Each structure stands twice: as C-alpha cells, then as structure tokens.
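Source file: data_17.json; contents: JSON, C-alpha atoms and all ligand atoms.
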```
[["chain", "number", "residue", "atom", "x", "y", "z"],
["P", 12, "MET", "CA", 0.00, 0.00, 0.00],
["P", 13, "THR", "CA", 1.18, 3.52, -0.77],
["P", 14, "LEU", "CA", 1.46, 5.38, 2.53],
["P", 15, "LEU", "CA", 2.68, 8.77, 1.38],
["P", 16, "GLU", "CA", 2.38, 10.41, -2.00],
["P", 17, "THR", "CA", 3.27, 13.92, -3.12],
["P", 18, "GLU", "CA", 1.91, 15.05, -6.45],
["P", 19, "ASN", "CA", 3.57, 17.85, -8.42],
["P", 20, "LEU", "CA", 4.54, 19.44, -5.12],
["P", 21, "VAL", "CA", 5.97, 22.95, -5.41],
["P", 22, "LYS", "CA", 7.22, 25.34, -2.72],
["P", 23, "GLU", "CA", 8.51, 28.77, -3.62],
["P", 24, "PHE", "CA", 10.12, 31.27, -1.27],
["P", 25, "GLY", "CA", 9.83, 34.55, -3.14],
["P", 26, "GLY", "CA", 11.54, 33.79, -6.44],
["P", 27, "LEU", "CA", 13.34, 30.71, -5.13],
["P", 28, "VAL", "CA", 11.91, 27.29, -6.01],
["P", 29, "ALA", "CA", 12.83, 25.17, -2.97],
["P", 30, "THR", "CA", 10.59, 22.24, -3.97],
["P", 31, "ASP", "CA", 10.33, 21.77, -7.72],
["P", 32, "ASP", "CA", 7.50, 19.54, -8.90],
["P", 33, "VAL", "CA", 8.24, 16.65, -6.56],
["P", 34, "ASN", "CA", 6.43, 13.34, -6.96],
["P", 35, "LEU", "CA", 7.53, 11.25, -4.03],
["P", 36, "THR", "CA", 5.91, 8.00, -2.96],
["P", 37, "VAL", "CA", 6.62, 5.94, 0.11],
["P", 38, "GLU", "CA", 5.18, 2.45, 0.38],
["P", 39, "GLU", "CA", 4.20, 0.85, 3.68],
["P", 40, "ASP", "CA", 7.21, -0.83, 5.36],
["P", 41, "GLU", "CA", 9.62, 1.02, 3.11],
["P", 42, "ARG", "CA", 12.69, 2.85, 4.39],
["P", 43, "VAL", "CA", 13.46, 5.82, 2.18],
["P", 44, "SER", "CA", 16.41, 8.16, 2.51],
["P", 45, "ILE", "CA", 16.56, 11.61, 0.94],
["P", 46, "ILE", "CA", 19.99, 12.91, 0.03],
["P", 47, "GLY", "CA", 21.23, 15.98, -1.79],
["P", 48, "PRO", "CA", 23.60, 18.90, -1.33],
["P", 49, "ASN", "CA", 23.00, 21.73, 1.14],
["P", 50, "GLY", "CA", 20.06, 23.82, 0.03],
["P", 51, "ALA", "CA", 18.65, 21.04, -2.19],
["P", 52, "GLY", "CA", 15.28, 21.31, -0.48],
["P", 53, "LYS", "CA", 15.36, 18.27, 1.82],
["P", 54, "SER", "CA", 14.14, 20.01, 4.98],
["P", 55, "THR", "CA", 11.57, 21.99, 3.02],
["P", 56, "LEU", "CA", 10.10, 18.75, 1.69],
["P", 57, "ILE", "CA", 9.92, 17.28, 5.20],
["P", 58, "ASN", "CA", 8.34, 20.48, 6.54],
["P", 59, "LEU", "CA", 5.73, 20.42, 3.79],
["P", 60, "ILE", "CA", 4.79, 16.86, 4.77],
["P", 61, "THR", "CA", 4.46, 17.76, 8.47],
["P", 62, "ARG", "CA", 2.42, 20.85, 7.48],
["P", 63, "ARG", "CA", 4.92, 23.26, 9.01],
["P", 64, "LEU", "CA", 4.96, 24.87, 5.56],
["P", 65, "ASP", "CA", 2.16, 25.47, 3.06],
["P", 66, "PRO", "CA", 2.87, 24.28, -0.48],
["P", 67, "THR", "CA", 2.69, 26.79, -3.33],
["P", 68, "SER", "CA", 0.93, 24.13, -5.41],
["P", 69, "GLY", "CA", 0.49, 20.39, -5.65],
["P", 70, "ASP", "CA", -0.92, 17.81, -3.27],
["P", 71, "ILE", "CA", 0.27, 15.58, -0.42],
["P", 72, "ARG", "CA", -1.71, 12.43, 0.30],
["P", 73, "PHE", "CA", -1.31, 10.18, 3.32],
["P", 74, "LYS", "CA", -3.13, 6.83, 3.20],
["P", 75, "GLY", "CA", -4.89, 8.10, 0.11],
["P", 76, "GLU", "CA", -6.28, 11.29, 1.63],
["P", 77, "SER", "CA", -5.03, 14.81, 1.05],
["P", 78, "ILE", "CA", -3.40, 16.30, 4.15],
["P", 79, "VAL", "CA", -2.88, 19.75, 2.63],
["P", 80, "GLY", "CA", -5.16, 21.97, 4.71],
["P", 81, "LEU", "CA", -4.67, 20.01, 7.96],
["P", 82, "GLU", "CA", -3.01, 21.50, 11.02],
["P", 83, "PRO", "CA", 0.36, 19.99, 12.04],
["P", 84, "HIS", "CA", -1.14, 18.18, 15.05],
["P", 85, "GLN", "CA", -3.84, 16.66, 12.82],
["P", 86, "VAL", "CA", -1.11, 15.21, 10.63],
["P", 87, "VAL", "CA", 0.40, 13.61, 13.75],
["P", 88, "GLN", "CA", -3.02, 12.14, 14.57],
["P", 89, "ARG", "CA", -3.24, 10.67, 11.08],
["P", 90, "GLY", "CA", 0.02, 8.84, 11.81],
["P", 91, "VAL", "CA", 2.94, 11.00, 10.66],
["P", 92, "SER", "CA", 5.58, 11.87, 13.25],
["P", 93, "LYS", "CA", 8.80, 13.79, 12.94],
["P", 94, "SER", "CA", 11.71, 13.03, 15.20],
["P", 95, "PHE", "CA", 14.65, 15.18, 16.20],
["P", 96, "GLN", "CA", 12.82, 18.38, 16.74],
["P", 97, "THR", "CA", 14.65, 19.75, 19.77],
["P", 98, "ALA", "CA", 11.49, 21.62, 20.68],
["P", 99, "SER", "CA", 9.70, 18.30, 21.16],
["P", 100, "ILE", "CA", 11.24, 17.71, 24.62],
["P", 101, "PHE", "CA", 9.81, 19.38, 27.72],
["P", 102, "PRO", "CA", 13.07, 19.97, 29.61],
["P", 103, "ASP", "CA", 11.57, 20.34, 33.10],
["P", 104, "LEU", "CA", 9.51, 17.15, 32.96],
["P", 105, "THR", "CA", 10.75, 13.63, 33.54],
["P", 106, "VAL", "CA", 11.56, 11.23, 30.74],
["P", 107, "ARG", "CA", 8.39, 9.28, 31.57],
["P", 108, "GLU", "CA", 6.19, 12.39, 31.53],
["P", 109, "ASN", "CA", 7.61, 13.40, 28.16],
["P", 110, "ALA", "CA", 6.74, 9.99, 26.71],
["P", 111, "GLU", "CA", 3.23, 10.12, 28.24],
["P", 112, "ILE", "CA", 2.51, 13.56, 26.82],
["P", 113, "ALA", "CA", 3.62, 12.39, 23.38],
["P", 114, "ALA", "CA", 1.32, 9.36, 23.59],
["P", 115, "LEU", "CA", -1.55, 11.62, 24.69],
["P", 116, "ALA", "CA", -0.93, 14.22, 22.03],
["P", 117, "ALA", "CA", -1.36, 11.65, 19.30],
["P", 118, "GLU", "CA", -4.51, 10.26, 20.85],
["P", 119, "ARG", "CA", -6.36, 13.44, 21.69],
["P", 120, "GLY", "CA", -4.82, 16.08, 19.50],
["P", 121, "ALA", "CA", -2.29, 18.56, 20.73],
["P", 122, "PHE", "CA", -2.70, 18.61, 24.48],
["P", 123, "GLY", "CA", -6.46, 18.42, 24.76],
["P", 124, "PHE", "CA", -6.89, 17.13, 28.29],
["P", 125, "GLU", "CA", -10.36, 15.69, 27.98],
["P", 126, "PHE", "CA", -8.57, 12.31, 28.28],
["P", 127, "LEU", "CA", -8.81, 12.67, 32.07],
["P", 128, "ARG", "CA", -12.41, 11.50, 31.83],
["P", 129, "HIS", "CA", -11.39, 8.32, 30.02],
["P", 130, "ARG", "CA", -9.62, 5.91, 32.36],
["P", 131, "ASP", "CA", -9.03, 3.28, 29.69],
["P", 132, "SER", "CA", -7.18, 5.64, 27.44],
["P", 133, "LEU", "CA", -5.13, 6.86, 30.39],
["P", 134, "THR", "CA", -4.06, 3.28, 31.12],
["P", 135, "ASP", "CA", -3.10, 2.91, 27.46],
["P", 136, "VAL", "CA", -1.04, 6.05, 27.67],
["P", 137, "HIS", "CA", 0.97, 4.69, 30.60],
["P", 138, "GLY", "CA", 1.49, 1.40, 28.76],
["P", 139, "VAL", "CA", 2.49, 3.03, 25.49],
["P", 140, "ALA", "CA", 4.90, 5.36, 27.28],
["P", 141, "ARG", "CA", 6.47, 2.44, 29.13],
["P", 142, "ASP", "CA", 6.86, 0.30, 26.00],
["P", 143, "THR", "CA", 8.32, 3.24, 24.15],
["P", 144, "LEU", "CA", 10.93, 4.00, 26.80],
["P", 145, "ASP", "CA", 11.80, 0.32, 26.88],
["P", 146, "SER", "CA", 12.37, 0.19, 23.13],
["P", 147, "VAL", "CA", 14.65, 3.25, 23.11],
["P", 148, "GLY", "CA", 16.56, 1.99, 26.16],
["P", 149, "LEU", "CA", 15.46, 4.72, 28.58],
["P", 150, "LEU", "CA", 13.27, 2.77, 30.99],
["P", 151, "ASP", "CA", 15.85, 2.97, 33.76],
["P", 152, "ARG", "CA", 15.97, 6.75, 33.29],
["P", 153, "ALA", "CA", 12.19, 7.24, 33.36],
["P", 154, "ASP", "CA", 12.33, 9.42, 36.50],
["P", 155, "THR", "CA", 15.21, 11.60, 35.32],
["P", 156, "ILE", "CA", 14.36, 15.23, 34.49],
["P", 157, "ALA", "CA", 14.81, 15.48, 30.71],
["P", 158, "THR", "CA", 17.22, 18.41, 30.84],
["P", 159, "ASP", "CA", 19.62, 16.37, 33.00],
["P", 160, "LEU", "CA", 20.02, 13.64, 30.35],
["P", 161, "PRO", "CA", 23.33, 13.40, 28.48],
["P", 162, "TYR", "CA", 23.17, 14.54, 24.82],
["P", 163, "GLY", "CA", 22.90, 11.05, 23.33],
["P", 164, "ASP", "CA", 20.06, 10.11, 25.70],
["P", 165, "LYS", "CA", 18.21, 13.32, 24.79],
["P", 166, "ARG", "CA", 18.34, 12.26, 21.14],
["P", 167, "ARG", "CA", 17.01, 8.83, 22.19],
["P", 168, "LEU", "CA", 14.18, 10.54, 24.05],
["P", 169, "GLU", "CA", 13.35, 12.49, 20.90],
["P", 170, "ILE", "CA", 13.02, 9.26, 18.96],
["P", 171, "GLY", "CA", 10.95, 7.91, 21.86],
["P", 172, "ILE", "CA", 8.65, 10.93, 21.75],
["P", 173, "ALA", "CA", 8.13, 10.42, 18.04],
["P", 174, "LEU", "CA", 7.48, 6.69, 18.57],
["P", 175, "ALA", "CA", 5.10, 7.23, 21.50],
["P", 176, "SER", "CA", 2.55, 8.65, 19.10],
["P", 177, "GLU", "CA", 2.69, 5.21, 17.38],
["P", 178, "PRO", "CA", 3.27, 6.70, 13.95],
["P", 179, "ASP", "CA", 2.75, 4.84, 10.69],
["P", 180, "LEU", "CA", 5.43, 7.05, 9.16],
["P", 181, "LEU", "CA", 8.43, 8.48, 10.97],
["P", 182, "LEU", "CA", 10.28, 11.42, 9.43],
["P", 183, "MET", "CA", 13.85, 12.13, 10.51],
["P", 184, "ASP", "CA", 15.82, 15.18, 9.39],
["P", 185, "GLU", "CA", 19.57, 14.76, 9.92],
["P", 186, "PRO", "CA", 19.26, 12.79, 13.16],
["P", 187, "THR", "CA", 23.02, 12.44, 13.62],
["P", 188, "ALA", "CA", 23.87, 16.13, 13.09],
["P", 189, "GLY", "CA", 26.13, 17.39, 15.87],
["P", 190, "MET", "CA", 26.74, 13.92, 17.29],
["P", 191, "SER", "CA", 30.05, 12.34, 18.20],
["P", 192, "PRO", "CA", 30.99, 9.14, 16.32],
["P", 193, "GLU", "CA", 29.86, 7.06, 19.34],
["P", 194, "GLU", "CA", 26.53, 8.87, 19.59],
["P", 195, "THR", "CA", 26.06, 8.49, 15.83],
["P", 196, "LYS", "CA", 26.65, 4.76, 16.07],
["P", 197, "SER", "CA", 24.29, 4.39, 19.00],
["P", 198, "THR", "CA", 21.60, 6.38, 17.14],
["P", 199, "VAL", "CA", 22.00, 4.28, 14.00],
["P", 200, "ASP", "CA", 21.79, 1.12, 16.14],
["P", 201, "LEU", "CA", 18.61, 2.50, 17.67],
["P", 202, "ILE", "CA", 17.06, 3.26, 14.26],
["P", 203, "GLU", "CA", 18.01, -0.25, 13.12],
["P", 204, "ARG", "CA", 16.39, -1.74, 16.22],
["P", 205, "VAL", "CA", 13.23, 0.31, 15.84],
["P", 206, "LYS", "CA", 13.09, -0.71, 12.18],
["P", 207, "ARG", "CA", 13.35, -4.38, 13.19],
["P", 208, "ASP", "CA", 11.08, -4.35, 16.27],
["P", 209, "HIS", "CA", 8.37, -1.98, 15.07],
["P", 210, "GLY", "CA", 8.51, -2.66, 11.32],
["P", 211, "LEU", "CA", 8.44, 1.10, 10.97],
["P", 212, "THR", "CA", 8.17, 3.00, 7.70],
["P", 213, "PHE", "CA", 10.51, 5.96, 7.67],
["P", 214, "VAL", "CA", 11.85, 8.81, 5.58],
["P", 215, "LEU", "CA", 15.35, 9.77, 6.62],
["P", 216, "VAL", "CA", 17.28, 12.88, 5.58],
["P", 217, "GLU", "CA", 20.94, 12.13, 6.22],
["P", 218, "HIS", "CA", 24.26, 13.40, 4.90],
["P", 219, "ASP", "CA", 26.35, 10.44, 6.11],
["P", 220, "MET", "CA", 26.44, 8.18, 3.03],
["P", 221, "GLU", "CA", 27.58, 5.16, 5.02],
["P", 222, "ILE", "CA", 24.42, 5.36, 7.11],
["P", 223, "VAL", "CA", 22.24, 6.04, 4.06],
["P", 224, "PHE", "CA", 23.56, 3.11, 2.07],
["P", 225, "SER", "CA", 23.29, 0.69, 5.00],
["P", 226, "ILE", "CA", 19.83, 1.64, 6.28],
["P", 227, "SER", "CA", 17.68, 2.39, 3.18],
["P", 228, "ASP", "CA", 15.51, 0.32, 0.88],
["P", 229, "ARG", "CA", 15.36, 3.22, -1.54],
["P", 230, "ILE", "CA", 17.25, 6.48, -1.94],
["P", 231, "VAL", "CA", 15.80, 9.67, -3.42],
["P", 232, "VAL", "CA", 18.29, 12.26, -4.66],
["P", 233, "LEU", "CA", 17.28, 15.93, -4.59],
["P", 234, "SER", "CA", 19.08, 18.73, -6.38],
["P", 235, "ARG", "CA", 17.80, 22.32, -6.62],
["P", 236, "GLY", "CA", 14.43, 21.24, -5.27],
["P", 237, "GLY", "CA", 13.78, 18.45, -7.78],
["P", 238, "ILE", "CA", 14.24, 14.67, -7.75],
["P", 239, "ILE", "CA", 17.17, 13.87, -10.07],
["P", 240, "ALA", "CA", 17.37, 10.14, -9.30],
["P", 241, "GLU", "CA", 15.89, 7.43, -7.14],
["P", 242, "GLY", "CA", 16.61, 3.76, -6.66],
["P", 243, "THR", "CA", 18.11, 1.10, -4.44],
["P", 244, "PRO", "CA", 21.45, 1.86, -2.76],
["P", 245, "ASP", "CA", 23.21, -0.14, -5.50],
["P", 246, "GLU", "CA", 21.42, 1.76, -8.27],
["P", 247, "ILE", "CA", 22.25, 5.11, -6.69],
["P", 248, "ARG", "CA", 25.91, 4.18, -6.20],
["P", 249, "GLY", "CA", 26.16, 3.46, -9.92],
["P", 250, "ASN", "CA", 24.15, 6.48, -11.13],
["P", 251, "GLU", "CA", 26.26, 8.89, -13.16],
["P", 252, "ALA", "CA", 24.01, 11.92, -12.70],
["P", 253, "VAL", "CA", 24.19, 11.40, -8.95],
["P", 254, "GLN", "CA", 27.96, 11.02, -9.04],
["P", 255, "GLU", "CA", 28.23, 14.31, -10.89],
["P", 256, "ALA", "CA", 25.65, 16.32, -8.97],
["P", 257, "TYR", "CA", 26.37, 15.09, -5.53],
["P", 258, "LEU", "CA", 28.88, 12.40, -4.77],
["P", 259, "GLY", "CA", 31.63, 14.46, -6.41],
["P", 260, "GLY", "CA", 32.54, 12.26, -9.37],
["H", 301, "LIG", "P1", 18.30, 21.37, 2.67],
["H", 301, "LIG", "O1", 17.55, 20.90, 3.86],
["H", 301, "LIG", "O2", 18.36, 20.38, 1.56],
["H", 301, "LIG", "O3", 19.69, 21.86, 3.03],
["H", 301, "LIG", "P2", 16.34, 23.50, 2.64],
["H", 301, "LIG", "O4", 15.06, 22.80, 2.36],
["H", 301, "LIG", "O5", 16.62, 23.91, 4.03],
["H", 301, "LIG", "O6", 17.55, 22.65, 2.05],
["H", 301, "LIG", "O7", 16.41, 24.81, 1.72],
["H", 301, "LIG", "C1", 16.13, 24.78, 0.34],
["H", 301, "LIG", "C2", 16.24, 26.19, -0.20],
["H", 301, "LIG", "O8", 15.16, 26.97, 0.29],
["H", 301, "LIG", "C3", 17.51, 26.92, 0.21],
["H", 301, "LIG", "O9", 17.93, 27.72, -0.86],
["H", 301, "LIG", "C4", 17.07, 27.74, 1.39],
["H", 301, "LIG", "O10", 17.86, 28.88, 1.51],
["H", 301, "LIG", "C5", 15.63, 28.08, 1.02],
["H", 301, "LIG", "N1", 14.77, 28.26, 2.18],
["H", 301, "LIG", "C6", 14.48, 27.32, 3.10],
["H", 301, "LIG", "N2", 13.61, 27.77, 4.02],
["H", 301, "LIG", "C7", 13.34, 29.06, 3.67],
["H", 301, "LIG", "C8", 12.52, 30.09, 4.22],
["H", 301, "LIG", "N3", 11.77, 29.87, 5.31],
["H", 301, "LIG", "N4", 12.50, 31.28, 3.58],
["H", 301, "LIG", "C9", 13.22, 31.49, 2.47],
["H", 301, "LIG", "N5", 14.02, 30.57, 1.90],
["H", 301, "LIG", "C10", 14.09, 29.37, 2.48],
["H", 302, "MG", "MG", 18.08, 20.60, 5.88]]
```

Please go through the file and, once you have read it, give me the structure as structure tokens.
Amino acid sequence: MTLLETENLVKEFGGLVATDDVNLTVEEDERVSIIGPNGAGKSTLINLITRRLDPTSGDIRFKGESIVGLEPHQVVQRGVSKSFQTASIFPDLTVRENAEIAALAAERGAFGFEFLRHRDSLTDVHGVARDTLDSVGLLDRADTIATDLPYGDKRRLEIGIALASEPDLLLMDEPTAGMSPEETKSTVDLIERVKRDHGLTFVLVEHDMEIVFSISDRIVVLSRGGIIAEGTPDEIRGNEAVQEAYLGG
C-alpha cells in the first residue's frame, strides 16, 4: 500500500523554487532516505509533509487522503511523526512524563486534556509510554528530568517521543547532526532496532552516506528542489548523474 504520495509538489520562497514539482511516494514498510547537497530542499520537503509549511501548489496524500489543509497536530493524529525536533522535549519534565505527553498528544490532539475523563485511554497512555521508553533503552531513566540527560540520551528521548505517538510514518531530518561518532553509532543502532522491532516505515534525511547506504531500501536524490534520481542503494551508487551532482565524481 502507498502510505505517502506527493503530487507535483511545489514550494517557492519569493523567487526561489525550494521544492520543484516533486512526486515522491513511500510504500508501507519502506525505508526511504533523501539525500542531496545543502540547500537542495530536503528540509523543506519534510516540513511540507508535516504541514509546518504550506505548499505553493500540488498535493500531499497520506493513506490516500489529502493532508494539505490540515493543522500539524492533525497530521500527527493521522500517523505521521517527525523526530529530532529539539522543541519536542519538555526539559523540566521527567523522561516518563515526556513519553506520556507524546502518547496523549497523538490520541487526543495537541494537548487536549479531555482524556482525564477516560480511564481506559489513560491506562493505554501509561502502557504506550512504558513500551516506548523500553524500546529506546530509557526505561531505567524514566524518572530523570529530561534536561539532565546526556546529549545522546536526549536524542534517544526524541526518537521515543516520536514513537510514542505510534506513527505509521516516521520522518527524521539529519538525526546524527552534531553527534560524536559514538553517539552516531548508537543512534543508528537505535534506528536499526526500531526498524526491526516496530517494522516502521521511515523517511530519513541524512548526509552520512555510510548510514544512508546501510539503512535504506530506496534512496531519493534531490538537487535544486527536484528529484534527479531514485533507486536502491546499488542503483544510486552506480548512477552517473548522482555522481556528478552530488557524490563528487
Ligand atoms: P536542505 O535541507 O536540503 O539543506 P532546505 O530545504 O533547508 O535545504 O532549503 C532549500 C532552499 O530553500 C535553500 O535555498 C534555502 O535557503 C531556502 N529556504 C528554506 N527555508 C526558507 C525560508 N523559510 N524562507 C526562504 N528561503 C528558504
Ligand atoms: Mg536541511
């Protein structure tokens, strides 16, 4: 089944075409990486999908229904989550509370607290939060105040927050940016584990080619806002246009 589909998607900033007629599809259970030089339009594309940006023209469909016109939190409720937004952590709350709020937000819309009248859903929220912290390896830090976590654990919590909403599609924009080699490895291991345990569909923007080639089913190459190539890691490695435009010959 096609989970995500953009159709002739265009985003202009003034005279600049940041997204140039992009037709991107992501199938269920597929792991897609988006690569391309700085300024190619990778983050813009992600931000269009999460509804942080309005497209200039074109359509975005998730599970067959247009999501253009929805609010960002409604997109989360439909099953699209974005990880590695630093703003997603509440620094003064505990790790557990952060996971619970994320689980709630997906269930009830952004922080509508009418859930308090529904005991069943509250029990679910505790369970989902617990399972989530377990799968990102933070269960033993559940009572730690988020701001006191080491950097690598904060990144784990961000993945946890994205997972707690039980997304059908997880978007990640440069998850390893600013990480040490050890933190990068531990994050990649975590993404691999989540991919295995949760059978998650994801779209990953990543500049580290080693990670991209090892983790993706399909790679989409952006240049100046448009898709210039897509294919399996082997196909992309051998693609001359990609070599020229991006991999540097
Ligand atoms: P990437 O993530 O691939 O590095 P971006 O999507 O961030 O690229 O940017 C694509 C192009 O759009 C760049 O030329 C960038 O300067 C421009 N751009 C991005 N966001 C904005 C914005 N909010 N206003 C104006 N121009 C923007
Ligand atoms: Mg970017």

Counting all atoms listed in the file, figure out which residue out of P:Glu185, P:Glu39, P:Asp154, P:Asp142 gets nearest to ligand LIG 301 (chain H).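 The shortest atom-to-atom distance to ligand LIG 301 (chain H) comes from P:Glu185.
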
Quick one: residues within 7 Å of range 200-212 of chain P, all atoms listed in the file counted, chain neighbours fewer than 4 positions away excluded, as a list in words?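 In the requested format, the answer is Glu39, Asp40, Glu41, Arg42, Val147, Asp179, Leu180, Leu181 and Lys196 of chain P.
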
Given all atoms listed in the file, how would the per-residue table for chain P near ligand LIG 301 (chain H) read, listing every residue at most 7 Å away with its closest atom pair and distance in Å to one decimal, sorted by chain and number, as JSON lines?
```
{"residue": "P:Phe24", "atom": "CA", "partner": "H:LIG301", "partner_atom": "C9", "distance": 4.9}
{"residue": "P:Leu27", "atom": "CA", "partner": "H:LIG301", "partner_atom": "O8", "distance": 6.8}
{"residue": "P:Ala29", "atom": "CA", "partner": "H:LIG301", "partner_atom": "O8", "distance": 4.4}
{"residue": "P:Gly47", "atom": "CA", "partner": "H:LIG301", "partner_atom": "O2", "distance": 6.2}
{"residue": "P:Pro48", "atom": "CA", "partner": "H:LIG301", "partner_atom": "O2", "distance": 6.2}
{"residue": "P:Asn49", "atom": "CA", "partner": "H:LIG301", "partner_atom": "O3", "distance": 3.8}
{"residue": "P:Gly50", "atom": "CA", "partner": "H:LIG301", "partner_atom": "O6", "distance": 3.4}
{"residue": "P:Ala51", "atom": "CA", "partner": "H:LIG301", "partner_atom": "O2", "distance": 3.8}
{"residue": "P:Gly52", "atom": "CA", "partner": "H:LIG301", "partner_atom": "O4", "distance": 3.2}
{"residue": "P:Lys53", "atom": "CA", "partner": "H:LIG301", "partner_atom": "O2", "distance": 3.7}
{"residue": "P:Ser54", "atom": "CA", "partner": "H:LIG301", "partner_atom": "O1", "distance": 3.7}
{"residue": "P:Thr55", "atom": "CA", "partner": "H:LIG301", "partner_atom": "O4", "distance": 3.6}
{"residue": "P:Leu56", "atom": "CA", "partner": "H:LIG301", "partner_atom": "O4", "distance": 6.4}
{"residue": "P:Gly236", "atom": "CA", "partner": "H:LIG301", "partner_atom": "C1", "distance": 6.8}
```

Excluding same-chain residues fewer than 4 positions from range 70-82 of chain P, what lies within 12 Å of it counting all atoms listed in the file, as a JSON list (two decimals) with C-alpha atoms, keeping the file's coordinate frame?
```json
[["chain", "number", "residue", "atom", "x", "y", "z"],
["P", 12, "MET", "CA", 0.00, 0.00, 0.00],
["P", 13, "THR", "CA", 1.18, 3.52, -0.77],
["P", 14, "LEU", "CA", 1.46, 5.38, 2.53],
["P", 15, "LEU", "CA", 2.68, 8.77, 1.38],
["P", 16, "GLU", "CA", 2.38, 10.41, -2.00],
["P", 17, "THR", "CA", 3.27, 13.92, -3.12],
["P", 18, "GLU", "CA", 1.91, 15.05, -6.45],
["P", 19, "ASN", "CA", 3.57, 17.85, -8.42],
["P", 20, "LEU", "CA", 4.54, 19.44, -5.12],
["P", 21, "VAL", "CA", 5.97, 22.95, -5.41],
["P", 22, "LYS", "CA", 7.22, 25.34, -2.72],
["P", 32, "ASP", "CA", 7.50, 19.54, -8.90],
["P", 33, "VAL", "CA", 8.24, 16.65, -6.56],
["P", 34, "ASN", "CA", 6.43, 13.34, -6.96],
["P", 35, "LEU", "CA", 7.53, 11.25, -4.03],
["P", 36, "THR", "CA", 5.91, 8.00, -2.96],
["P", 37, "VAL", "CA", 6.62, 5.94, 0.11],
["P", 38, "GLU", "CA", 5.18, 2.45, 0.38],
["P", 39, "GLU", "CA", 4.20, 0.85, 3.68],
["P", 56, "LEU", "CA", 10.10, 18.75, 1.69],
["P", 57, "ILE", "CA", 9.92, 17.28, 5.20],
["P", 58, "ASN", "CA", 8.34, 20.48, 6.54],
["P", 59, "LEU", "CA", 5.73, 20.42, 3.79],
["P", 60, "ILE", "CA", 4.79, 16.86, 4.77],
["P", 61, "THR", "CA", 4.46, 17.76, 8.47],
["P", 62, "ARG", "CA", 2.42, 20.85, 7.48],
["P", 63, "ARG", "CA", 4.92, 23.26, 9.01],
["P", 64, "LEU", "CA", 4.96, 24.87, 5.56],
["P", 65, "ASP", "CA", 2.16, 25.47, 3.06],
["P", 66, "PRO", "CA", 2.87, 24.28, -0.48],
["P", 86, "VAL", "CA", -1.11, 15.21, 10.63],
["P", 87, "VAL", "CA", 0.40, 13.61, 13.75],
["P", 88, "GLN", "CA", -3.02, 12.14, 14.57],
["P", 89, "ARG", "CA", -3.24, 10.67, 11.08],
["P", 90, "GLY", "CA", 0.02, 8.84, 11.81],
["P", 91, "VAL", "CA", 2.94, 11.00, 10.66],
["P", 120, "GLY", "CA", -4.82, 16.08, 19.50],
["P", 121, "ALA", "CA", -2.29, 18.56, 20.73],
["P", 179, "ASP", "CA", 2.75, 4.84, 10.69],
["P", 180, "LEU", "CA", 5.43, 7.05, 9.16]]
```

What is the distance between CA of His84 in chain P and CA of Asp135 in chain P, in Å to one decimal?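 The value is 19.8 Å.
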
Give as a ChimeraX atom specification every residue, naming chains and numbers as the document does, that has an atom within 9 Å of (-0.3, 5.1, 26.2), counting all atoms listed in the file. /P:110-115,118,132-142,175-176

Hey, what's within 8 Å of range 215-230 of chain P if we count only C-alpha atoms and toss same-chain stuff fewer than 2 positions away? As a list in words, please?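 So, after excluding close chain neighbours, the residues are Glu41, Arg42, Val43, Ser44, Ile45, Ile46, Gly47, Lys53, Ser54, Leu182, Met183, Asp184, Glu185, Pro186, Thr187, Val199, Glu203, Phe213, Val232, Glu241, Gly242, Thr243, Pro244 and Ile247 of chain P.
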
Just to confirm, what's the straight-line distance from CA of Leu233 in chain P to CA of Ala256 in chain P in Å (one decimal)? 9.5 Å

One-decimal distance in Å that lies between CA of Thr198 in chain P and CA of Arg235 in chain P: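 That distance, rounded to one decimal, is 28.9 Å.
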
For range 63-72 of chain P, what centre and edge lengths in Å (one decimal) does the axis-aligned box get once 3 Å is added on each side of all its listed atoms, as lines of an AutoDock Vina configuration file?
```
center_x = 1.6
center_y = 19.6
center_z = 1.7
size_x = 12.7
size_y = 20.4
size_z = 20.7
```

Quick one: residues within 12 Å of Arg166 in chain P, only C-alpha atoms, excluding same-chain residues fewer than 4 positions away - as a VMD selection string? chain P and resid 94 to 100 106 147 to 149 157 to 158 160 to 162 170 to 173 183 185 to 190 194 to 195 197 to 199 201 to 202
